Amino acid sequence: MMKKNILLLCIGLCLWACDSDDSGAINTAQTSPTFVFTHNWDGTPVSNSDFNDFIFTTENGESVSIERLRYVISDITFTTNNGEVLNTNLYNFVDVTNNNGLNYALESTIPVGNYSNVSFTFGFDNQDNAQNYPDLNSASFNVPDMLGGGYHYMQFDGKFINNNMEEQGFNYHAIRAVDNPGDNPTFPQDTFFTVNLGAISITNTVEIEVKMNIAGWFKNPNLWDLNVYNQALMPNSTAQILMYENGQSVFTLGDVSDE
Amino acid sequence: MKKGWFFILILIVSAGCSDDSNNSGYQPTAQPLDIPDIFSNYIIDPVLPNDNSQTVEGVALGKKLFFDRILSADGTQSCATCHAPQKAFADNLPKSIGIDGVSGTRNAMPLFNLAWNYGDRFNWDGSALSLEQQAEEPVQNPIELHSNWDNVVERLQNHPEYPQLFQLAFNTSTITKALTTKAIAQFERTLISANSKFDKYTLGQTSLTQQELNGLDIFLREDKGDCFHCHGNPNNPLWTDNDFHNNGLDATFTDLGLGAVTGDPNDNGKFRTPSLRNLAFTAPYMHDGRFATIDEVIDHYSEGLQNSPTIDPLMKQIAQGGVQLTNQEKADLKAFLLTLSDPSFLNNPNFQN
């Protein structure tokens, strides 16, 4: 399991810290950055208190009510100015509905210093997706085996006003795109993706805000029509690839501050 | 000098009269939950309160209390009256009937795997915020055991056995409501069901029929039954998310469910997802016991959904009444669902009176 790799990470960090170069970018002080996951709709802050209300409008013009939003990010990675890559191999389950996982203190330490990039994976890469995560099982976040198994990357449920002016449910569930559900599913392309937050100076008590623009899932580059794509999207590889493409610009770096 | 001996003698006699065994160093014997492999392999540890550790003596006391009609006002009913072992600790009535012959408002929930309710909200409507708290209400509810807790405590305190049993379980023979419910909760947490045909299949100990496998497929397919988003999956052997959903039973609500507890109209008509384990023994179904058979439940999700403002967005094809399963698909799904029942749970000698 990923978390078991913490020990290896710490050992690696110790060795790495001993092998400091003269760039001055990284020093030997260690810290555990906190990632703060915030959500907005084209800049308007969104929390679970905004759920269950038709207060959002997609780019395509559908009025939307959010009822459930939870997702996984993994492999938080720090790249030094020298190009050294430090992969934490950790994951975090963000459950906006229940206000869990919004503040995630890294479960390991990294050297204080300047980093040229901090990144994470939206969802799991295929290797990590094949692991067993009891906390995600307990949250019923699994993807059935006939769809390739593993876990949802995101479960985003709500309602929209359809073309008949009726409330209708949608399940914007992002998973690994899959075809031929059954005993031997096939996978047309990977649909996890890397989110690059950019350069960050990691101080002793740094908080890193990760912003998700929820509206982005519906507009860029693919204008999303909820009347077309609303439910049963997990076995729909076309929809999954559209989600993958729209997800690329959903996350951005927010405030980076000392606690 | 003789006065000194006299004081020592008084102290010794006083100590002998004390009902607090702390002085003797006595501690109840720890009895950790016996967590099945099927759980430890897949899901996180159970929720156990810091102030109510499982002990041999506490569980034994809780079991005795659970089956004892002394908790009811007229000595005619116990917890087990509505939560019978042979019915997976439920009963077979749509709504349970209390000591005065008055029908309640809800179907008795079966009792098993309660320590794995991670949200720690119990009852159909989530009104009890711990298992200990849940045990308080039926005792004093006028349409259930219709007791007064002060009277219950008095009856227990004057009983020839209970003070000693509380002494052994909690190091005090002074009985309280809190200790009584703690003991009941300890017993209830031992009610673990993890030996169904499907559990054995998961552990590689048996195989499923083709029809049962077809039913599993329907259960897991988002474009068919799509049961798994709320009711778990082979990697979540609880077969419930223990969360609250409006599953489309009614267009308007006579019972607000979670909404009556939270006061939030967005929660109206939401009830806790029941586990699909032991369905074979727990009819009738739903919070009001409206469906007498599993077939009726499947028909509901296939053709009977009623729209309402709080219906869960996971409900599909509401305008058509549901997911529109064929008769064969319904039969297959039922065959799979029945593999989740665990007959050994009914006859576990540790759970009998």
# chains A, B, ... in the order shown; residues from 1 in each chain; ligands from 1
call {"tool": "interface_residues", "arguments": {"of": "chain A", "to": "chain B", "cutoff": "7 Å", "atoms": "only C-alpha atoms", "output": "list in words"}}
result
Asn52, Pro134, Asp135, Asn137, Ser138, Ala139, Ser140, Pro144, Asp157, Gly158, Lys159, Gly169, Phe170, Asn171, Ala232 and Met234 of chain A
call {"tool": "residues_around", "arguments": {"residues": "segment 82-95 of chain A", "least_positions_apart": "5", "cutoff": "6 Å", "atoms": "only C-alpha atoms", "output": "number ranges by chain"}}
result
A: 2-3, 70-77, 100-102
call {"tool": "write_last_selection", "arguments": {"atoms": "N, CA and C atoms", "output": "PDB file, in the first residue's frame"}}
result
ATOM      1  N   MET A   2       0.298   2.317  -0.573  1.00  0.00           N
ATOM      2  CA  MET A   2       1.117   3.511  -0.766  1.00  0.00           C
ATOM      3  C   MET A   2       1.721   4.021   0.531  1.00  0.00           C
ATOM      4  N   LYS A   3       0.909   4.043   1.601  1.00  0.00           N
ATOM      5  CA  LYS A   3       1.392   4.669   2.823  1.00  0.00           C
ATOM      6  C   LYS A   3       2.581   3.923   3.431  1.00  0.00           C
ATOM      7  N   ARG A  70     -16.802  14.214  -4.109  1.00  0.00           N
ATOM      8  CA  ARG A  70     -15.637  13.639  -3.444  1.00  0.00           C
ATOM      9  C   ARG A  70     -14.692  13.080  -4.503  1.00  0.00           C
ATOM     10  N   TYR A  71     -13.400  13.164  -4.210  1.00  0.00           N
ATOM     11  CA  TYR A  71     -12.413  12.736  -5.193  1.00  0.00           C
ATOM     12  C   TYR A  71     -11.097  12.377  -4.505  1.00  0.00           C
ATOM     13  N   VAL A  72     -10.241  11.741  -5.285  1.00  0.00           N
ATOM     14  CA  VAL A  72      -8.939  11.301  -4.782  1.00  0.00           C
ATOM     15  C   VAL A  72      -7.840  12.017  -5.540  1.00  0.00           C
ATOM     16  N   ILE A  73      -6.827  12.454  -4.796  1.00  0.00           N
ATOM     17  CA  ILE A  73      -5.585  12.898  -5.433  1.00  0.00           C
ATOM     18  C   ILE A  73      -4.454  12.040  -4.857  1.00  0.00           C
ATOM     19  N   SER A  74      -3.443  11.812  -5.647  1.00  0.00           N
ATOM     20  CA  SER A  74      -2.374  10.908  -5.206  1.00  0.00           C
ATOM     21  C   SER A  74      -1.027  11.383  -5.745  1.00  0.00           C
ATOM     22  N   ASP A  75      -0.001  10.685  -5.298  1.00  0.00           N
ATOM     23  CA  ASP A  75       1.361  10.923  -5.801  1.00  0.00           C
ATOM     24  C   ASP A  75       1.743  12.407  -5.778  1.00  0.00           C
ATOM     25  N   ILE A  76       1.553  13.037  -4.649  1.00  0.00           N
ATOM     26  CA  ILE A  76       2.008  14.424  -4.525  1.00  0.00           C
ATOM     27  C   ILE A  76       3.529  14.433  -4.696  1.00  0.00           C
ATOM     28  N   THR A  77       3.987  15.257  -5.601  1.00  0.00           N
ATOM     29  CA  THR A  77       5.394  15.210  -6.019  1.00  0.00           C
ATOM     30  C   THR A  77       6.022  16.596  -5.967  1.00  0.00           C
ATOM     31  N   ASN A 100     -14.528  16.428   4.826  1.00  0.00           N
ATOM     32  CA  ASN A 100     -13.377  15.619   5.228  1.00  0.00           C
ATOM     33  C   ASN A 100     -12.286  15.705   4.165  1.00  0.00           C
ATOM     34  N   GLY A 101     -11.042  15.728   4.625  1.00  0.00           N
ATOM     35  CA  GLY A 101      -9.915  15.706   3.702  1.00  0.00           C
ATOM     36  C   GLY A 101      -9.630  17.040   3.041  1.00  0.00           C
ATOM     37  N   LEU A 102     -10.300  18.101   3.464  1.00  0.00           N
ATOM     38  CA  LEU A 102     -10.086  19.405   2.828  1.00  0.00           C
ATOM     39  C   LEU A 102      -8.751  20.002   3.239  1.00  0.00           C
TER      40      LEU A 102
END
call {"tool": "residues_around", "arguments": {"residues": "segment 41-46 of chain A", "least_positions_apart": "4", "cutoff": "6 Å", "atoms": "only C-alpha atoms", "output": "ChimeraX atom specification"}}
result
/A:213-215
call {"tool": "closest_residue", "arguments": {"among": "A:Asp190, A:Glu209, A:Glu67, A:Asp255", "to": "Ile55 of chain A", "atoms": "only C-alpha atoms"}}
result
A:Glu67
call {"tool": "closest_residue", "arguments": {"among": "A:Gln168, A:Ser249, A:Gln127, A:Asn230", "to": "Tyr151 of chain A", "atoms": "only C-alpha atoms"}}
result
A:Gln127
call {"tool": "select_by_dssp", "arguments": {"residues": "segment 51-210 of chain A", "states": "strand (DSSP E)", "output": "ChimeraX atom specification"}}
result
/A:56-57,63-80,85-87,91-95,103-105,110-122,154-161,167-174,193-202,206-210
call {"tool": "atom_distance", "arguments": {"atom1": "atom CA of Leu256 of chain B", "atom2": "atom CA of Gly126 of chain B"}}
result
11.7 Å
call {"tool": "closest_residue", "arguments": {"among": "B:Ala185, B:Ile218, B:Ile99, B:Leu165", "to": "Leu131 of chain B", "atoms": "only C-alpha atoms"}}
result
B:Ala185
call {"tool": "closest_residue", "arguments": {"among": "B:Leu305, B:Asn113, B:Tyr162, B:Ile192", "to": "Asn348 of chain B", "atoms": "only C-alpha atoms"}}
result
B:Ile192
call {"tool": "residues_around", "arguments": {"residues": "segment 279-283 of chain B", "least_positions_apart": "4", "cutoff": "12 Å", "atoms": "only C-alpha atoms", "output": "ChimeraX atom specification"}}
result
/B:82-95,107-112,196,239,274-275,287-297,334-346
call {"tool": "select_by_dssp", "arguments": {"residues": "segment 154-266 of chain B", "states": "helix (DSSP H, G or I)", "output": "VMD selection string"}}
result
chain B and resid 154 to 157 162 to 170 177 to 189 197 to 202 210 to 220 228 to 231 258 to 262 265 to 266
call {"tool": "closest_residue", "arguments": {"among": "A:Asn196, A:Gln240, A:Asn180, A:Thr31", "to": "Tyr153 of chain A", "atoms": "only C-alpha atoms"}}
result
A:Gln240
